[in-house]
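Below is entry-v9.cif, which holds mmCIF, C-alpha atoms and all ligand atoms.
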```
data_data
#
loop_
_atom_site.label_atom_id
_atom_site.label_comp_id
_atom_site.auth_asym_id
_atom_site.auth_seq_id
_atom_site.Cartn_x
_atom_site.Cartn_y
_atom_site.Cartn_z
CA MET A 19 29.41 21.61 92.77
CA PHE A 20 29.22 19.59 96.02
CA SER A 21 31.85 20.02 98.65
CA PHE A 22 33.65 17.00 100.05
CA GLN A 23 31.65 17.46 103.30
CA SER A 24 28.24 17.36 101.58
CA LYS A 25 29.31 14.34 99.48
CA LYS A 26 30.08 12.55 102.75
CA ILE A 27 26.62 13.46 104.12
CA TYR A 28 24.90 12.11 100.99
CA LEU A 29 26.95 8.94 101.17
CA PHE A 30 25.95 8.39 104.82
CA MET A 31 22.29 9.10 104.01
CA PHE A 32 22.41 6.62 101.15
CA LEU A 33 23.97 3.91 103.33
CA GLY A 34 21.48 4.66 106.11
CA ILE A 35 18.50 4.22 103.79
CA GLN A 36 19.98 0.96 102.52
CA LEU A 37 20.35 -0.35 106.08
CA VAL A 38 16.74 0.52 106.91
CA VAL A 39 15.53 -1.22 103.75
CA ILE A 40 17.61 -4.34 104.54
CA ALA A 41 16.30 -4.39 108.13
CA LEU A 42 12.71 -4.08 106.95
CA PHE A 43 13.11 -6.76 104.32
CA SER A 44 14.62 -9.23 106.75
CA ARG A 45 11.49 -9.21 108.90
CA GLU A 46 9.19 -12.08 108.05
CA ALA A 47 5.98 -10.10 108.39
CA TYR A 48 7.28 -7.35 106.16
CA LYS A 49 8.36 -9.89 103.58
CA LYS A 50 4.86 -11.33 103.53
CA SER A 51 3.21 -7.96 102.93
CA VAL A 52 5.65 -7.13 100.11
CA THR A 53 4.84 -10.52 98.55
CA TYR A 54 1.15 -9.81 98.92
CA PHE A 55 1.61 -6.37 97.39
CA ILE A 56 3.43 -7.83 94.36
CA HIS A 57 0.66 -10.39 94.07
CA ILE A 58 -1.98 -7.67 93.88
CA LEU A 59 0.05 -5.71 91.35
CA ARG A 60 0.27 -8.75 89.12
CA LYS A 61 -3.47 -9.38 89.48
CA ASP A 62 -2.64 -12.96 88.88
CA ASN A 63 -3.49 -16.01 90.92
CA ALA A 64 -0.42 -17.79 89.69
CA SER A 65 2.67 -17.68 91.77
CA ILE A 66 5.30 -15.13 92.48
CA PRO A 67 8.65 -15.54 90.74
CA THR A 68 11.59 -16.32 93.00
CA GLY A 69 14.30 -16.11 90.42
CA ARG A 70 15.35 -19.63 91.49
CA ASN A 71 15.92 -22.24 88.82
CA GLN A 72 14.09 -20.24 86.24
CA THR A 73 14.43 -21.13 82.63
CA SER A 74 12.51 -19.78 79.70
CA THR A 75 9.79 -22.37 80.18
CA ALA A 76 9.65 -22.45 83.99
CA VAL A 77 6.44 -20.74 84.83
CA VAL A 78 5.93 -21.82 88.39
CA ALA A 79 7.69 -20.28 91.31
CA ASN A 80 7.10 -19.90 95.01
CA GLY A 81 3.66 -20.92 96.20
CA GLY A 82 2.80 -22.48 92.86
CA ASP A 83 0.49 -25.26 91.76
CA VAL A 84 2.27 -28.56 92.19
CA TYR A 85 1.33 -29.64 88.64
CA ALA A 86 2.24 -26.48 86.78
CA ASN A 87 5.84 -27.37 85.99
CA LEU A 88 5.24 -30.85 84.72
CA SER A 89 4.04 -29.85 81.28
CA ARG A 90 7.76 -29.38 80.58
CA LEU A 91 8.25 -33.13 80.70
CA SER A 92 8.20 -34.93 77.40
CA LYS A 93 5.07 -37.01 77.00
CA ALA A 94 6.82 -40.29 76.37
CA HIS A 95 9.91 -42.10 77.49
CA SER A 96 12.99 -41.68 75.31
CA GLN A 97 13.82 -44.86 73.46
CA GLY A 98 17.08 -46.69 73.97
CA GLU A 99 19.19 -47.50 76.97
CA ASN A 100 21.63 -44.64 76.77
CA LEU A 101 19.99 -42.01 78.93
CA THR A 102 22.40 -39.79 80.82
CA TYR A 103 21.97 -39.27 84.55
CA CYS A 104 19.54 -36.60 85.66
CA PRO A 105 21.22 -33.45 87.02
CA LYS A 106 22.13 -33.47 90.73
CA THR A 107 19.52 -30.80 91.37
CA SER A 108 16.37 -31.16 89.33
CA PRO A 109 15.57 -28.11 87.16
CA LEU A 110 11.87 -28.79 87.83
CA ILE A 111 12.17 -27.95 91.54
CA VAL A 112 10.75 -24.58 92.44
CA GLY A 113 10.38 -24.41 96.22
CA ARG A 114 7.19 -23.65 98.08
CA ILE A 115 4.00 -25.37 96.90
CA ASN A 116 0.51 -24.09 97.32
CA VAL A 117 -1.20 -26.87 99.30
CA ARG A 118 -4.93 -26.29 99.27
CA ILE A 119 -6.52 -29.50 100.43
CA HIS A 120 -9.45 -30.57 98.30
CA SER A 121 -10.77 -33.79 96.83
CA ASN A 122 -13.23 -32.72 94.18
CA PHE A 123 -11.63 -34.88 91.51
CA THR A 124 -11.94 -38.51 90.54
CA MET A 125 -9.13 -41.05 90.49
CA GLN A 126 -9.48 -41.14 86.68
CA GLU A 127 -8.87 -37.40 86.53
CA LEU A 128 -5.87 -37.84 88.78
CA GLN A 129 -4.54 -40.52 86.45
CA ARG A 130 -4.87 -38.14 83.51
CA LYS A 131 -2.92 -35.53 85.43
CA ASN A 132 -0.11 -38.06 85.86
CA PRO A 133 0.20 -39.66 82.42
CA LEU A 134 3.71 -41.02 82.98
CA VAL A 135 2.84 -42.95 86.14
CA VAL A 136 2.48 -46.63 85.31
CA ARG A 137 0.79 -49.67 86.88
CA GLY A 138 1.27 -49.93 90.62
CA GLY A 139 2.13 -46.23 90.98
CA ARG A 140 5.59 -46.47 89.47
CA TYR A 141 7.44 -43.68 87.72
CA ARG A 142 10.82 -42.89 86.25
CA PRO A 143 11.85 -39.69 84.50
CA PRO A 144 11.25 -39.84 80.72
CA ASP A 145 14.37 -38.02 79.62
CA CYS A 146 17.14 -38.94 82.04
CA GLU A 147 18.29 -41.78 84.25
CA ALA A 148 17.18 -41.16 87.85
CA ARG A 149 19.96 -40.95 90.43
CA HIS A 150 17.71 -42.31 93.20
CA ARG A 151 15.15 -45.09 93.63
CA THR A 152 12.67 -44.29 96.38
CA ALA A 153 9.79 -46.41 97.68
CA ILE A 154 6.98 -44.62 99.49
CA ILE A 155 5.49 -46.90 102.17
CA ILE A 156 2.10 -45.83 103.52
CA PRO A 157 0.64 -47.72 106.49
CA TYR A 158 -3.09 -47.59 106.01
CA ARG A 159 -6.63 -48.52 106.99
CA ASP A 160 -9.90 -46.85 105.93
CA ARG A 161 -8.49 -43.47 104.97
CA GLU A 162 -9.59 -43.31 101.34
CA HIS A 163 -10.09 -39.57 101.31
CA HIS A 164 -6.62 -38.92 102.74
CA LEU A 165 -4.99 -41.32 100.31
CA LYS A 166 -6.59 -39.53 97.38
CA VAL A 167 -5.29 -36.16 98.56
CA LEU A 168 -1.82 -37.52 99.26
CA LEU A 169 -1.60 -39.09 95.80
CA TYR A 170 -2.74 -35.82 94.25
CA PHE A 171 0.15 -33.91 95.77
CA LEU A 172 2.89 -36.50 96.12
CA HIS A 173 2.96 -37.82 92.56
CA PRO A 174 3.82 -34.50 90.90
CA PHE A 175 6.05 -33.58 93.85
CA LEU A 176 8.23 -36.65 93.24
CA GLN A 177 8.20 -36.19 89.47
CA ARG A 178 9.59 -32.71 89.96
CA GLN A 179 12.45 -34.29 91.85
CA GLN A 180 13.26 -36.60 88.91
CA LEU A 181 13.11 -39.72 91.05
CA ASN A 182 12.50 -43.31 90.11
CA TYR A 183 9.75 -44.04 92.61
CA GLY A 184 6.94 -46.40 93.61
CA PHE A 185 3.96 -46.14 95.95
CA TYR A 186 3.06 -48.96 98.35
CA VAL A 187 -0.10 -48.74 100.43
CA ILE A 188 0.07 -51.34 103.22
CA HIS A 189 -3.49 -51.98 104.25
CA GLN A 190 -4.22 -53.73 107.57
CA ALA A 191 -7.01 -56.28 107.04
CA GLY A 192 -9.84 -56.72 109.55
CA ASN A 193 -10.95 -54.59 112.51
CA TYR A 194 -8.41 -55.57 115.11
CA THR A 195 -6.38 -52.78 116.78
CA TYR A 196 -4.13 -50.96 114.30
CA ASN A 197 -0.40 -51.65 114.28
CA LYS A 198 1.38 -49.05 112.22
CA ALA A 199 5.00 -50.08 112.89
CA LYS A 200 4.29 -53.70 111.98
CA LEU A 201 2.64 -52.55 108.74
CA MET A 202 5.81 -50.60 107.94
CA ASN A 203 7.90 -53.74 108.51
CA VAL A 204 5.66 -55.56 106.05
CA GLY A 205 5.98 -52.63 103.64
CA PHE A 206 9.75 -52.80 103.77
CA ARG A 207 9.77 -56.55 103.12
CA GLU A 208 7.25 -56.43 100.26
CA ALA A 209 8.74 -53.37 98.54
CA MET A 210 12.27 -54.81 98.65
CA LYS A 211 10.98 -58.02 97.06
CA GLU A 212 9.94 -56.03 94.01
CA GLU A 213 12.85 -53.68 93.41
CA ASP A 214 16.27 -52.77 94.68
CA TRP A 215 15.07 -49.52 96.28
CA ASP A 216 17.88 -47.42 97.72
CA CYS A 217 15.63 -45.40 100.00
CA LEU A 218 12.34 -46.05 101.79
CA PHE A 219 10.07 -43.21 102.86
CA PHE A 220 7.66 -44.25 105.64
CA HIS A 221 4.85 -41.81 105.14
CA ASP A 222 1.74 -40.96 107.13
CA VAL A 223 -1.23 -40.77 104.79
CA ASP A 224 -2.34 -37.39 106.16
CA LEU A 225 0.86 -35.38 105.71
CA ILE A 226 1.26 -33.24 102.59
CA PRO A 227 4.68 -31.73 101.82
CA GLU A 228 4.76 -28.03 101.11
CA ASP A 229 8.20 -27.49 99.62
CA ASP A 230 9.75 -29.55 96.82
CA ARG A 231 13.30 -28.73 97.96
CA ASN A 232 12.52 -31.39 100.58
CA THR A 233 14.01 -34.12 98.42
CA TYR A 234 12.75 -37.65 98.92
CA VAL A 235 16.19 -39.24 99.01
CA CYS A 236 18.11 -40.82 101.87
CA ASP A 237 20.89 -39.23 103.91
CA ALA A 238 23.93 -40.87 105.45
CA ASN A 239 21.85 -41.33 108.63
CA PRO A 240 18.14 -42.14 109.12
CA LYS A 241 16.24 -38.96 108.34
CA HIS A 242 13.29 -37.53 110.21
CA VAL A 243 11.64 -35.57 107.41
CA ALA A 244 8.35 -34.09 108.67
CA VAL A 245 10.05 -31.59 110.97
CA ALA A 246 7.72 -28.63 110.55
CA ILE A 247 4.00 -29.54 110.60
CA ASP A 248 1.29 -26.87 110.64
CA LYS A 249 -0.36 -28.65 113.60
CA PHE A 250 2.78 -27.90 115.66
CA GLU A 251 3.10 -24.31 114.37
CA TYR A 252 5.85 -25.46 111.99
CA GLU A 253 8.21 -26.23 114.89
CA LEU A 254 9.74 -29.51 116.06
CA PRO A 255 7.38 -30.65 118.84
CA TYR A 256 10.17 -32.35 120.83
CA LYS A 257 13.81 -33.09 120.23
CA LYS A 258 13.61 -36.87 119.84
CA VAL A 259 10.53 -36.93 117.58
CA PHE A 260 10.86 -39.45 114.73
CA GLY A 261 7.36 -39.82 113.29
CA GLY A 262 5.18 -38.68 110.39
CA VAL A 263 7.59 -39.00 107.50
CA THR A 264 10.97 -40.73 107.85
CA ALA A 265 13.55 -41.92 105.34
CA LEU A 266 15.82 -44.92 105.79
CA SER A 267 18.08 -46.80 103.44
CA PRO A 268 17.77 -50.61 103.51
CA LEU A 269 21.08 -50.70 105.38
CA HIS A 270 19.84 -48.27 108.09
CA TYR A 271 16.68 -50.29 108.40
CA LEU A 272 18.42 -53.64 108.82
CA LYS A 273 21.03 -52.18 111.20
CA MET A 274 18.27 -51.23 113.65
CA ASN A 275 16.34 -54.47 113.12
CA GLY A 276 13.48 -52.56 111.50
CA PHE A 277 10.60 -51.39 113.66
CA PRO A 278 8.87 -52.89 116.72
CA ASN A 279 5.94 -55.27 116.10
CA ASN A 280 4.33 -54.99 119.52
CA TYR A 281 2.84 -51.47 119.57
CA TRP A 282 -0.92 -51.96 119.15
CA GLY A 283 -2.94 -48.74 118.95
CA TRP A 284 -1.92 -45.10 118.81
CA GLY A 285 1.39 -43.69 119.99
CA GLY A 286 4.89 -44.56 121.07
CA GLU A 287 6.03 -46.69 118.11
CA ASP A 288 7.73 -43.71 116.48
CA ASP A 289 9.61 -42.90 119.69
CA ASP A 290 10.73 -46.53 119.86
CA ILE A 291 11.97 -46.27 116.27
CA GLY A 292 13.86 -43.06 117.19
CA ASP A 293 15.51 -44.92 120.10
CA ARG A 294 16.45 -47.79 117.82
CA VAL A 295 18.34 -45.35 115.57
CA SER A 296 20.66 -44.37 118.42
CA LEU A 297 20.83 -47.86 119.93
CA ALA A 298 22.10 -49.08 116.54
CA GLY A 299 24.84 -46.47 116.67
CA MET A 300 23.36 -43.99 114.18
CA SER A 301 22.06 -40.47 114.58
CA ILE A 302 19.00 -38.65 113.25
CA SER A 303 19.38 -36.25 110.34
CA ARG A 304 16.78 -33.61 109.49
CA PRO A 305 16.03 -31.08 106.75
CA SER A 306 15.66 -27.45 107.79
CA LEU A 307 12.36 -26.21 109.22
CA LYS A 308 12.01 -24.03 106.13
CA VAL A 309 12.04 -27.00 103.77
CA GLY A 310 10.65 -29.90 105.84
CA ARG A 311 7.20 -28.32 105.97
CA TYR A 312 3.93 -30.29 105.96
CA LYS A 313 0.22 -29.69 106.15
CA MET A 314 -1.70 -32.27 108.14
CA ILE A 315 -5.17 -33.20 106.87
CA LYS A 316 -7.46 -32.62 109.83
CA HIS A 317 -9.29 -35.66 111.20
CA LYS A 318 -10.48 -37.36 114.37
CA LEU A 319 -8.73 -40.35 115.94
CA ASP A 320 -9.47 -43.40 113.78
CA LYS A 321 -11.63 -46.30 114.80
CA GLY A 322 -9.56 -49.24 116.03
CA ASN A 323 -6.63 -46.99 116.88
CA ASN A 324 -7.17 -45.93 120.48
CA ALA A 325 -4.20 -44.72 122.48
CA ASN A 326 -1.96 -47.59 123.49
CA THR A 327 -1.89 -47.59 127.30
CA LYS A 328 1.15 -49.90 127.30
CA ARG A 329 3.33 -47.57 125.26
CA PHE A 330 5.26 -45.99 128.14
CA ASN A 331 6.13 -49.42 129.58
CA LEU A 332 7.22 -50.67 126.18
CA LEU A 333 9.35 -47.59 125.62
CA ARG A 334 11.22 -48.17 128.86
CA LYS A 335 12.34 -51.57 127.55
CA THR A 336 13.46 -50.75 124.00
CA ARG A 337 17.12 -51.10 124.97
CA GLN A 338 16.51 -54.74 125.98
CA THR A 339 14.03 -55.66 123.26
CA TRP A 340 15.12 -54.08 119.99
CA LYS A 341 17.31 -56.97 118.88
CA GLN A 342 14.68 -59.61 119.69
CA ASP A 343 11.68 -57.89 118.15
CA GLY A 344 11.66 -56.25 114.74
CA MET A 345 12.38 -57.18 111.16
CA ASN A 346 13.75 -60.56 112.28
CA THR A 347 10.44 -61.58 113.89
CA VAL A 348 7.72 -59.91 111.78
CA GLU A 349 4.90 -62.39 111.17
CA SER A 350 2.14 -61.52 108.76
CA ARG A 351 0.16 -62.93 105.90
CA VAL A 352 -0.25 -61.07 102.64
CA ILE A 353 -3.87 -61.47 101.56
CA SER A 354 -3.71 -59.62 98.25
CA ARG A 355 -1.48 -57.46 96.11
CA GLU A 356 -3.28 -55.19 93.67
CA TYR A 357 -1.60 -53.03 91.10
CA HIS A 358 -3.74 -49.91 90.84
CA PRO A 359 -2.84 -47.24 88.29
CA LEU A 360 -1.47 -44.85 90.94
CA TYR A 361 -0.34 -47.21 93.73
CA THR A 362 0.25 -50.81 94.74
CA ASN A 363 -2.12 -51.98 97.45
CA ILE A 364 -0.95 -54.77 99.71
CA THR A 365 -3.61 -56.05 102.09
CA VAL A 366 -2.09 -57.88 105.00
CA ASP A 367 -3.18 -59.79 108.07
CA VAL A 368 -0.84 -58.72 110.86
CA GLY A 369 -2.65 -60.89 113.41
CA THR A 370 -3.37 -59.84 116.99
CA LYS A 371 -1.43 -59.50 120.22
CA ALA A 372 -1.83 -63.29 120.52
CA GLY A 373 -0.06 -63.86 117.18
CA LEU A 374 -1.07 -64.84 113.70
CA PRO A 375 -4.12 -67.09 113.24
CA PRO A 376 -3.56 -70.44 111.52
CA PRO A 377 -3.68 -70.17 107.73
CA PRO A 378 -7.07 -70.71 106.10
CA PRO A 379 -7.43 -74.22 104.60
CA PRO A 380 -6.46 -74.37 100.94
CA PRO A 381 -9.47 -74.39 98.57
CA LYS A 382 -10.40 -78.06 98.30
CA ALA A 383 -10.08 -79.65 94.89
CA ALA A 384 -13.43 -80.23 93.26
CA THR A 385 -14.57 -83.84 93.62
CA MET A 386 -16.12 -85.79 90.79
CA ALA A 387 -19.52 -85.51 92.53
CA ASP A 388 -19.19 -81.64 92.68
CA GLN A 389 -18.30 -81.52 89.00
CA ILE A 390 -21.26 -83.68 88.02
CA GLN A 391 -23.55 -81.48 90.14
CA HIS A 392 -22.06 -78.32 88.62
CA HIS A 393 -22.55 -79.47 85.05
CA GLY A 394 -25.84 -81.22 85.74
C1 LIG B 401 3.95 -38.24 121.30
C2 LIG B 401 3.71 -39.71 121.04
C3 LIG B 401 4.11 -40.03 119.62
C4 LIG B 401 3.32 -39.14 118.65
C5 LIG B 401 3.57 -37.67 119.02
C6 LIG B 401 2.82 -36.70 118.13
O1 LIG B 401 3.57 -37.92 122.58
O2 LIG B 401 3.85 -41.38 119.36
O3 LIG B 401 3.21 -37.46 120.37
O4 LIG B 401 1.51 -37.10 118.03
N1 LIG B 401 4.50 -40.51 121.98
C7 LIG B 401 3.94 -41.14 123.01
O5 LIG B 401 2.74 -41.12 123.26
C8 LIG B 401 4.87 -41.90 123.91
S1 LIG B 401 0.48 -36.36 117.10
O6 LIG B 401 0.03 -35.20 117.85
O7 LIG B 401 1.10 -36.02 115.87
O8 LIG B 401 -0.65 -37.29 116.89
O9 LIG B 401 3.70 -39.37 117.33
#
```
Take the structure in this file and express it as structure tokens.
Ligand code: NGS
Amino acid sequence: MFSFQSKKIYLFMFLGIQLVVIALFSREAYKKSVTYFIHILRKDNASIPTGRNQTSTAVVANGGDVYANLSRLSKAHSQGENLTYCPKTSPLIVGRINVRIHSNFTMQELQRKNPLVVRGGRYRPPDCEARHRTAIIIPYRDREHHLKVLLYFLHPFLQRQQLNYGFYVIHQAGNYTYNKAKLMNVGFREAMKEEDWDCLFFHDVDLIPEDDRNTYVCDANPKHVAVAIDKFEYELPYKKVFGGVTALSPLHYLKMNGFPNNYWGWGGEDDDIGDRVSLAGMSISRPSLKVGRYKMIKHKLDKGNNANTKRFNLLRKTRQTWKQDGMNTVESRVISREYHPLYTNITVDVGTKAGLPPPPPPPKAATMADQIQHHG
């Protein structure tokens, strides 16, 4: 048979081949081509199994359709109060999602795809008690197409995470210069009036998450969530960045006196918010670049949202101003609150740089003469 010497040679060869294989597999490009190869072999447009969280009914894996796993949910809520808590890690989470941006569906179709979402865009898991209550706050004006796409992806994404959640679209009324941070202050106030949310996600309408391991729950510190956006080659654009998607608990939010109200137009408000986090003695937490991935829906700069030329001056003063301007001074007037099937829309007058206009006169009571005329 083999001598001891030749056995040693075979053993070395075997280990050598293993090392080469490991080295090849650890290279990203090589991984992609192997994935592609498996894909072709399967001749199947569905996704590629990861082996993660698979159960007999879990059909979706990496790169899958965001809706595919939800058929596992029971169609109705369990009766009775005695639901047990959902598991710490949801069994519906699968990882990477295939985000192909399209909007060739109607809102009615979207409703049918999300049968357990109720009035105002609220949801809770049907078969267990959610561990977290998360409000999604979306500052908004004239971005109907983006909102539709975001709702398409975010509803099933959050259902996979077994959250109790609600969607709030905070719509700035009128054509005056946009003020995103002020809208988010209003969103915080209005959402907290409705429910004891334990986490608020401030969410740009054009950012679509690409990995459901990016859980929409709060951390011990304010969390900057959209860390890896395709527009920035999936890298953090600069160290202090705190925009796009952020998550704060009510306590974090109040500790930093909310957000500034005086940034009119594009830019700077998110950097101010980032500064407030450290000025209030907290630090920024972040998910990994692998998980905090987003696709940005491409668009031009919006009307009424030109770059704010004052932003650099304002940013220099945050240290002096953050306690005087923020949640404690937000002035706005809610014009309407509509409960749509997939979201709550709050239209708000945030005023102008000069402040809030005087309230409109109350509708005058009909006089006897009016009534006679009306019935006459
Ligand atoms: C910074 C802006 C931020 C903005 C970020 C990314 O320069 O408000 O770029 O913008 N800060 C200032 O202008 C002071 S983005 O390319 O995503 O539109 O969020």
ask   = Within 10 Å of (3.0, -55.3, 102.9), all atoms listed in the file: residues as a VMD selection string?
value = chain A and resid 155 to 157 186 to 190 200 to 209 350 to 355 362 to 368
message = ligand LIG 401 (chain B): which residues are within 10 Å, counting only C-alpha atoms and all ligand atoms? Reply as a list of chain:residue names.
response =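 Those residues are A:Ile247, A:Lys249, A:Phe250, A:Pro255, A:Tyr256, A:Lys258, A:Val259, A:Phe260, A:Gly261, A:Gly262, A:Trp284, A:Gly285, A:Gly286, A:Glu287, A:Asp288, A:Asp289, A:Asp290, A:Ile291, A:Met314, A:Leu319, A:Ala325, A:Asn326, A:Thr327, A:Lys328, A:Arg329, A:Phe330, A:Asn331, A:Leu332, A:Leu333.
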Length of the atom CA of A:Asn346 to atom CA of A:Leu272 vector [Å] =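 Spanning atom CA of A:Asn346 to atom CA of A:Leu272 is a straight-line distance of 9.0 Å.
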query = To one decimal place, how far is atom CA of A:Pro174 from atom CA of A:Tyr234 in Å?
reply =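 About the pair atom CA of A:Pro174 and atom CA of A:Tyr234: they are 12.4 Å apart.
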Counting only C-alpha atoms, what are the residues of stretch 212-331 of chain A within 7 Å of stretch 110-121 of chain A, and for each of them which pair of atoms is the nearest and at what distance in Å, to one decimal? Sort the table by chain and rising number, as CSV.
```
residue,atom,partner,partner_atom,distance
A:Glu228,CA,A:Ile115,CA,5.0
A:Asp229,CA,A:Arg114,CA,4.3
A:Asp230,CA,A:Gly113,CA,5.2
A:Arg231,CA,A:Gly113,CA,5.5
```
inquiry  = Could you check which residues have any atom within 6 Å of (-2.7, -38.0, 90.1), counting only C-alpha atoms with coordinates taken straight from the file, and then list them as a ChimeraX atom specification?
reply    = /A:128-129,131-132,169-170
So that I have them on file, write out the residues from the current selection with C-alpha atoms, as an mmCIF file, in the coordinates of the input.
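Listed below is the output, again_30.cif:
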```
data_model
loop_
_atom_site.group_PDB
_atom_site.id
_atom_site.type_symbol
_atom_site.label_atom_id
_atom_site.label_comp_id
_atom_site.auth_asym_id
_atom_site.auth_seq_id
_atom_site.Cartn_x
_atom_site.Cartn_y
_atom_site.Cartn_z
ATOM 1 C CA LEU A 128 -5.870 -37.840 88.780
ATOM 2 C CA GLN A 129 -4.540 -40.520 86.450
ATOM 3 C CA LYS A 131 -2.920 -35.530 85.430
ATOM 4 C CA ASN A 132 -0.110 -38.060 85.860
ATOM 5 C CA LEU A 169 -1.600 -39.090 95.800
ATOM 6 C CA TYR A 170 -2.740 -35.820 94.250
#
```
task = Mind giving me the straight-line distance from atom CA of A:Pro133 to atom CA of A:His150 in Å, one decimal?
result =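 Going from atom CA of A:Pro133 over to atom CA of A:His150 covers 20.7 Å.
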ask   = For A:Thr347, which residue among A:Tyr141, A:Leu374, A:Gly299, A:Leu101 is the nearest when counting all atoms listed in the file?
value =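 Looking at the shortest contact to A:Thr347, the residue is A:Leu374.
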query = From the set A:Pro359, A:Gly283, A:Gly184, A:Gly373, which residue has the shortest atom-to-atom contact distance to A:Asp216, counting only C-alpha atoms?
reply = A:Gly184
note = Residue with the minimum atom-to-atom distance to A:Lys257, picked from A:Ser89, A:Thr152, A:Asn239, A:Ser303 with all atoms listed in the file counted, is A:Ser303
Mind checking which residues fall within 10 Å of stretch 338-343 of chain A, counting only C-alpha atoms, ignoring those fewer than 2 positions away in the same chain, and posting them as a PDB file with C-alpha atoms, in the frame of the given file?
```pdb
ATOM      1  CA  LYS A 273      21.030 -52.180 111.200  1.00  0.00           C
ATOM      2  CA  MET A 274      18.270 -51.230 113.650  1.00  0.00           C
ATOM      3  CA  ASN A 275      16.340 -54.470 113.120  1.00  0.00           C
ATOM      4  CA  GLY A 276      13.480 -52.560 111.500  1.00  0.00           C
ATOM      5  CA  PHE A 277      10.600 -51.390 113.660  1.00  0.00           C
ATOM      6  CA  PRO A 278       8.870 -52.890 116.720  1.00  0.00           C
ATOM      7  CA  ASN A 279       5.940 -55.270 116.100  1.00  0.00           C
ATOM      8  CA  ASN A 280       4.330 -54.990 119.520  1.00  0.00           C
ATOM      9  CA  ASP A 290      10.730 -46.530 119.860  1.00  0.00           C
ATOM     10  CA  ILE A 291      11.970 -46.270 116.270  1.00  0.00           C
ATOM     11  CA  ASP A 293      15.510 -44.920 120.100  1.00  0.00           C
ATOM     12  CA  ARG A 294      16.450 -47.790 117.820  1.00  0.00           C
ATOM     13  CA  LEU A 297      20.830 -47.860 119.930  1.00  0.00           C
ATOM     14  CA  ALA A 298      22.100 -49.080 116.540  1.00  0.00           C
ATOM     15  CA  LEU A 332       7.220 -50.670 126.180  1.00  0.00           C
ATOM     16  CA  LEU A 333       9.350 -47.590 125.620  1.00  0.00           C
ATOM     17  CA  ARG A 334      11.220 -48.170 128.860  1.00  0.00           C
ATOM     18  CA  LYS A 335      12.340 -51.570 127.550  1.00  0.00           C
ATOM     19  CA  THR A 336      13.460 -50.750 124.000  1.00  0.00           C
ATOM     20  CA  MET A 345      12.380 -57.180 111.160  1.00  0.00           C
ATOM     21  CA  ASN A 346      13.750 -60.560 112.280  1.00  0.00           C
ATOM     22  CA  THR A 347      10.440 -61.580 113.890  1.00  0.00           C
ATOM     23  CA  VAL A 348       7.720 -59.910 111.780  1.00  0.00           C
TER      24      VAL A 348
END
```
message = Taking all atoms listed in the file into account, name the residue in A:Lys198, A:Arg140, A:His221, A:Arg311 that is nearest to A:His173.
response =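 Of all the options, A:Arg140 lies closest to A:His173.
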Hey, can I get the axis-aligned box for stretch 204-220 of chain A? All listed atoms, 3 Å padding on each side, centre and edge lengths in Å to one decimal, as JSON.
```
{"center_x": 11.8, "center_y": -50.6, "center_z": 99.7, "size_x": 18.2, "size_y": 20.8, "size_z": 18.6}
```
key: Closest of A:Arg337, A:Arg178, A:Ile226, A:Pro109 to A:Lys316 - atom-to-atom distances counting all atoms listed in the file   =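 Among the listed residues, A:Ile226 lies closest to A:Lys316.
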task = Tell me which of A:Glu212, A:Arg142, A:Asp222, A:Tyr252 sits closest to A:Val309, counting all atoms listed in the file.
result =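 The closest residue to A:Val309 is A:Tyr252.
The list of residues with at least one atom within 7 Å of stretch 304-308 of chain A, based on all atoms listed in the file and without residues fewer than 6 positions apart in the same chain, reads Lys241, His242, Val243, Val245 and Ala246 of chain A.
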Considering all atoms listed in the file, return as a PDB file with C-alpha atoms, in the frame of the given file whatever protein or nucleic-acid residues lie within 8 Å of A:Pro268, sequence-local ones (same chain, fewer than 6 positions apart) excluded.
```pdb
ATOM      1  CA  TRP A 215      15.070 -49.520  96.280  1.00  0.00           C
ATOM      2  CA  ASP A 216      17.880 -47.420  97.720  1.00  0.00           C
ATOM      3  CA  CYS A 217      15.630 -45.400 100.000  1.00  0.00           C
ATOM      4  CA  LEU A 218      12.340 -46.050 101.790  1.00  0.00           C
TER       5      LEU A 218
END
```
